[in-house]
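Participant: So that you have it, the file is final-v4.pdb, and it contains PDB, C-alpha atoms:
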```
MODEL        1
ATOM      1  CA  MET M   1       0.000   0.000   0.000
ATOM      2  CA  ARG M   2       1.263   3.452  -0.864
ATOM      3  CA  GLY M   3       1.621   5.825   2.074
ATOM      4  CA  ASN M   4      -0.954   8.252   0.694
ATOM      5  CA  GLU M   5      -3.643   5.546   0.811
ATOM      6  CA  LEU M   6      -3.573   5.553   4.616
ATOM      7  CA  LEU M   7      -4.833   8.427   6.729
ATOM      8  CA  THR M   8      -3.865   9.545  10.193
ATOM      9  CA  ILE M   9      -6.662   9.940  12.707
ATOM     10  CA  GLY M  10      -6.285  13.723  12.342
ATOM     11  CA  ASP M  11      -6.636  13.485   8.563
ATOM     12  CA  LEU M  12      -9.686  11.279   8.972
ATOM     13  CA  ALA M  13     -11.190  13.778  11.414
ATOM     14  CA  ALA M  14     -10.594  16.632   8.965
ATOM     15  CA  ARG M  15     -12.192  14.686   6.086
ATOM     16  CA  THR M  16     -15.275  13.512   8.028
ATOM     17  CA  GLY M  17     -15.894  16.511  10.279
ATOM     18  CA  LEU M  18     -15.706  14.246  13.329
ATOM     19  CA  THR M  19     -13.534  14.898  16.322
ATOM     20  CA  VAL M  20     -10.635  12.584  17.045
ATOM     21  CA  SER M  21     -12.428  11.416  20.190
ATOM     22  CA  ALA M  22     -15.554  10.584  18.156
ATOM     23  CA  ILE M  23     -13.447   8.499  15.764
ATOM     24  CA  ARG M  24     -11.931   6.676  18.741
ATOM     25  CA  PHE M  25     -15.460   6.054  20.050
ATOM     26  CA  TYR M  26     -16.555   4.601  16.703
ATOM     27  CA  GLU M  27     -13.380   2.540  16.647
ATOM     28  CA  SER M  28     -14.178   1.140  20.103
ATOM     29  CA  ARG M  29     -17.608   0.099  18.764
ATOM     30  CA  GLY M  30     -16.093  -1.644  15.740
ATOM     31  CA  LEU M  31     -17.262   0.775  13.041
ATOM     32  CA  VAL M  32     -13.682   1.286  11.834
ATOM     33  CA  GLU M  33     -10.576  -0.792  12.389
ATOM     34  CA  PRO M  34      -7.331   1.130  12.074
ATOM     35  CA  ILE M  35      -4.059  -0.349  11.028
ATOM     36  CA  ARG M  36      -1.327   0.147  13.616
ATOM     37  CA  THR M  37       2.128   1.340  12.603
ATOM     38  CA  ARG M  38       5.307   0.019  14.197
ATOM     39  CA  GLY M  39       5.073   3.044  16.506
ATOM     40  CA  ASN M  40       1.492   1.968  17.427
ATOM     41  CA  GLN M  41      -0.083   4.938  15.656
ATOM     42  CA  ARG M  42      -3.493   4.547  14.033
ATOM     43  CA  ARG M  43      -3.746   4.626  10.242
ATOM     44  CA  PHE M  44      -7.036   4.386   8.423
ATOM     45  CA  LEU M  45      -8.031   3.297   4.944
ATOM     46  CA  ARG M  46      -9.467   6.025   2.727
ATOM     47  CA  SER M  47     -12.666   3.959   2.614
ATOM     48  CA  ASP M  48     -13.075   4.665   6.344
ATOM     49  CA  ILE M  49     -14.156   8.174   5.310
ATOM     50  CA  ARG M  50     -17.233   6.593   3.749
ATOM     51  CA  ARG M  51     -17.827   4.229   6.671
ATOM     52  CA  LEU M  52     -17.831   7.138   9.134
ATOM     53  CA  SER M  53     -19.891   9.334   6.823
ATOM     54  CA  PHE M  54     -22.444   6.519   6.624
ATOM     55  CA  ALA M  55     -22.417   6.335  10.436
ATOM     56  CA  LEU M  56     -23.098  10.076  10.728
ATOM     57  CA  ILE M  57     -26.028   9.885   8.317
ATOM     58  CA  ALA M  58     -27.442   6.777   9.998
ATOM     59  CA  GLN M  59     -27.245   8.384  13.449
ATOM     60  CA  ARG M  60     -29.062  11.459  12.197
ATOM     61  CA  LEU M  61     -31.762   9.121  10.901
ATOM     62  CA  GLY M  62     -32.081   7.734  14.407
ATOM     63  CA  LEU M  63     -30.208   4.433  14.146
ATOM     64  CA  THR M  64     -28.258   3.385  17.194
ATOM     65  CA  VAL M  65     -24.523   2.776  17.105
ATOM     66  CA  GLN M  66     -25.285  -0.939  17.473
ATOM     67  CA  GLU M  67     -27.579  -0.876  14.424
ATOM     68  CA  ILE M  68     -24.962   1.027  12.444
ATOM     69  CA  ALA M  69     -22.260  -1.437  13.473
ATOM     70  CA  ALA M  70     -24.499  -4.299  12.336
ATOM     71  CA  GLU M  71     -24.952  -2.651   8.932
ATOM     72  CA  LEU M  72     -21.233  -1.955   8.569
ATOM     73  CA  SER M  73     -20.363  -5.509   9.614
ATOM     74  CA  ARG M  74     -21.820  -6.553   6.238
ATOM     75  CA  LEU M  75     -18.859  -4.843   4.565
ATOM     76  CA  PRO M  76     -15.518  -6.603   4.098
ATOM     77  CA  HIS M  77     -12.772  -6.089   6.654
ATOM     78  CA  GLY M  78      -9.227  -5.332   5.637
ATOM     79  CA  ARG M  79     -10.044  -4.137   2.139
ATOM     80  CA  THR M  80     -11.810  -1.226   0.554
ATOM     81  CA  PRO M  81     -15.458  -2.099  -0.102
ATOM     82  CA  THR M  82     -16.418  -2.347  -3.754
ATOM     83  CA  GLN M  83     -19.446  -0.744  -5.377
ATOM     84  CA  ALA M  84     -21.219  -4.111  -5.090
ATOM     85  CA  ASP M  85     -20.474  -4.212  -1.343
ATOM     86  CA  TRP M  86     -21.982  -0.743  -0.877
ATOM     87  CA  ASN M  87     -24.961  -1.640  -3.053
ATOM     88  CA  ARG M  88     -25.765  -4.582  -0.760
ATOM     89  CA  ILE M  89     -25.629  -2.451   2.386
ATOM     90  CA  SER M  90     -27.566   0.309   0.618
ATOM     91  CA  ARG M  91     -30.437  -2.044  -0.305
ATOM     92  CA  HIS M  92     -30.711  -3.281   3.262
ATOM     93  CA  PHE M  93     -30.461   0.243   4.692
ATOM     94  CA  ARG M  94     -32.981   1.598   2.173
ATOM     95  CA  ALA M  95     -35.732  -0.608   3.658
ATOM     96  CA  GLU M  96     -35.109   0.927   7.090
ATOM     97  CA  ILE M  97     -35.138   4.448   5.620
ATOM     98  CA  ASP M  98     -38.455   3.705   3.863
ATOM     99  CA  ARG M  99     -39.945   2.423   7.138
ATOM    100  CA  ARG M 100     -38.868   5.587   8.956
ATOM    101  CA  ILE M 101     -40.161   7.845   6.170
ATOM    102  CA  ALA M 102     -43.550   6.125   6.396
ATOM    103  CA  LEU M 103     -43.627   6.705  10.160
ATOM    104  CA  LEU M 104     -42.712  10.373   9.714
ATOM    105  CA  GLU M 105     -45.420  10.816   7.084
ATOM    106  CA  ARG M 106     -48.055   9.166   9.311
ATOM    107  CA  THR M 107     -46.929  11.370  12.197
ATOM    108  CA  ARG M 108     -47.178  14.505  10.052
ATOM    109  CA  GLU M 109     -50.669  13.506   8.892
ATOM    110  CA  LYS M 110     -52.051  12.443  12.274
ATOM    111  CA  LEU M 111     -50.256  14.579  14.844
ATOM    112  CA  ASP M 112     -52.885  17.302  14.989
ATOM    113  CA  GLU M 113     -55.684  14.727  14.829
ATOM    114  CA  CYS M 114     -56.417  11.700  16.940
ATOM    115  CA  ILE M 115     -53.242   9.617  17.186
ATOM    116  CA  GLY M 116     -54.982   6.657  18.796
ATOM    117  CA  CYS M 117     -53.568   6.957  22.285
ATOM    118  CA  GLY M 118     -56.969   6.795  23.939
ATOM    119  CA  CYS M 119     -56.730  10.078  25.842
ATOM    120  CA  LEU M 120     -59.873  11.600  24.260
ATOM    121  CA  SER M 121     -58.514  15.059  25.086
ATOM    122  CA  LEU M 122     -59.243  16.512  21.658
ATOM    123  CA  ARG M 123     -62.777  17.067  20.516
ATOM    124  CA  LYS M 124     -61.931  15.540  17.137
ATOM    125  CA  CYS M 125     -60.711  12.344  18.843
ATOM    126  CA  GLY M 126     -64.316  11.556  19.632
ATOM    127  CA  LEU M 127     -64.919  11.275  15.881
ATOM    128  CA  TYR M 128     -61.920   9.005  15.251
ATOM    129  CA  ASN M 129     -62.035   7.189  18.548
ATOM    130  CA  PRO M 130     -65.678   6.906  19.632
ATOM    131  CA  ASP M 131     -66.181   5.186  22.966
ATOM    132  CA  ASP M 132     -62.400   5.061  23.353
ATOM    133  CA  ALA M 133     -62.039   2.173  20.880
ATOM    134  CA  ALA M 134     -58.293   2.857  20.607
ATOM    135  CA  ALA M 135     -57.812   1.864  24.249
ATOM    136  CA  ALA M 136     -59.472  -1.483  23.581
ATOM    137  CA  GLU M 137     -56.868  -2.141  20.852
ATOM    138  CA  GLY M 138     -53.927  -1.657  23.245
ATOM    139  CA  ALA M 139     -51.624   0.993  24.623
ATOM    140  CA  GLY M 140     -49.818   3.774  22.853
ATOM    141  CA  PRO M 141     -50.288   5.976  19.791
ATOM    142  CA  ARG M 142     -51.724   3.212  17.619
ATOM    143  CA  TYR M 143     -52.820   5.331  14.664
ATOM    144  CA  VAL M 144     -49.440   6.968  14.150
ATOM    145  CA  LEU M 145     -47.458   3.766  14.672
ATOM    146  CA  GLY M 146     -49.655   2.027  12.105
ATOM    147  CA  GLN M 147     -50.981  -0.646  14.426
ATOM    148  CA  ALA M 148     -54.290  -2.498  14.250
ATOM    149  CA  GLY M 149     -57.480  -0.512  14.552
ATOM    150  CA  ALA M 150     -56.150   2.667  12.955
ATOM    151  CA  PRO M 151     -58.733   4.477  10.834
ATOM    152  CA  GLU M 152     -57.801   4.946   7.181
TER
ENDMDL
END
```
Could I get this file's structure written as structure tokens?

Facilitator:
Amino acid sequence: MRGNELLTIGDLAARTGLTVSAIRFYESRGLVEPIRTRGNQRRFLRSDIRRLSFALIAQRLGLTVQEIAAELSRLPHGRTPTQADWNRISRHFRAEIDRRIALLERTREKLDECIGCGCLSLRKCGLYNPDDAAAAEGAGPRYVLGQAGAPE
């Protein structure tokens, strides 16, 4: 490997916008695996820029570090992922994004209406939830979470 293919932790921080301590945190959770020099300094593959960028996006979408690590574990270790590798992780991740988009859209549509929690505090809830039918279906905001009994 040529020397310019490996990045120091400072270079990686500059390229990703993360702090060095954040990169160490992600390293401790297995999201990146640095190569150690003879002097025990961390060196990272250029592809780690993409791994950490993916982690930042996934966290902003609400995935936990454990979920992100599980997604990234699908990528090869010790070599730069190919386009096919990223396509596989992208397809799997896309399903989760679609699920979250659907939840956000339902929330946007229902938030100022009855959300199916059974509180009956809004006058309009009486129209959507007569006789507190939502409570009979179970706990929580059933209509927003897309659970049984939600009116269409």

Participant: How far is it from CA of Gly118 in chain M to CA of Gly62 in chain M, in Å with one decimal?

Facilitator: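 Taking CA of Gly118 in chain M and CA of Gly62 in chain M, their separation equals 26.7 Å.
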
Participant: Identify, on the basis of only C-alpha atoms, every residue whose closest approach to Ile101 in chain M does not exceed 10 Å; exclude the query and any residue fewer than 6 positions from it along the same chain; express the result as a ChimeraX atom specification.

Facilitator: /M:61,95,107

Participant: Any idea what the distance is between CA of Pro81 in chain M and CA of Ala55 in chain M?

Facilitator: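 Separation between CA of Pro81 in chain M and CA of Ala55 in chain M: 15.2 Å.
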
Participant: Could you check the closest approach to Thr80 in chain M for each of M:Leu31, M:Ile115, M:Leu45, M:Leu127 and tell me which residue wins, using only C-alpha atoms?

Facilitator: M:Leu45

Participant: Select, from M:Thr8, M:Lys110, M:Gly30, M:Leu104, the residue with the minimum atom-to-atom distance to Glu71 in chain M, counting all atoms listed in the file.

Facilitator: M:Gly30

Participant: Compare M:Gln66, M:Arg42, M:Arg51, M:Asp112 by their minimum atom-to-atom distance to Ile89 in chain M, counting all atoms listed in the file, and give me the closest one.

Facilitator: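 Selected residue with least distance to Ile89 in chain M: M:Arg51.
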
Participant: What lies within 8 Å of Gly116 in chain M using all atoms listed in the file, ignoring chain neighbours under 4 positions off, as a count of residues only?

Facilitator: 9

Participant: Taking the file as shown, find all residues satisfying the PyMOL selection byres ((chain M and resi 79) around 12) and write them as JSON, numbers by chain.

Facilitator: {"M": [1, 5, 6, 32, 33, 34, 35, 44, 45, 46, 47, 48, 75, 76, 77, 78, 80, 81, 82, 85]}

Participant: How many Å separate CA of Arg74 in chain M from CA of Phe25 in chain M?

Facilitator: 19.8 Å

Participant: If we count only C-alpha atoms and set the cut-off at 9 Å, which residues sit around range 13-22 of chain M, ignoring sequence neighbours fewer than 3 positions away in its own chain? Please answer as a ChimeraX atom specification.

Facilitator: /M:8-10,25-27,49-50,52-53,56

Participant: Env of Val65 in chain M: 9 Å cut, atoms = only C-alpha atoms, seq-sep filter 2 positions within chain, self excluded. Answer as a list in words.

Facilitator: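 Returned residues: Tyr26, Arg29, Leu31, Ala55, Ala58, Gln59, Leu63, Glu67, Ile68, Ala69 and Ala70 of chain M.
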
Participant: Could you give me the centre and size, in Å to one decimal, of an axis-aligned box around all listed atoms of range 49-62 of chain M with 5 Å added on every side, as JSON?

Facilitator:
```
{"center_x": -23.1, "center_y": 7.8, "center_z": 9.1, "size_x": 27.9, "size_y": 17.2, "size_z": 20.7}
```

Participant: My list of candidates is M:Ile57, M:Cys117, M:Leu72, M:Ala84. Which is closest to Ala136 in chain M when distances are computed with only C-alpha atoms?

Facilitator: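 Checking each candidate against Ala136 in chain M, we get M:Cys117 as the closest.
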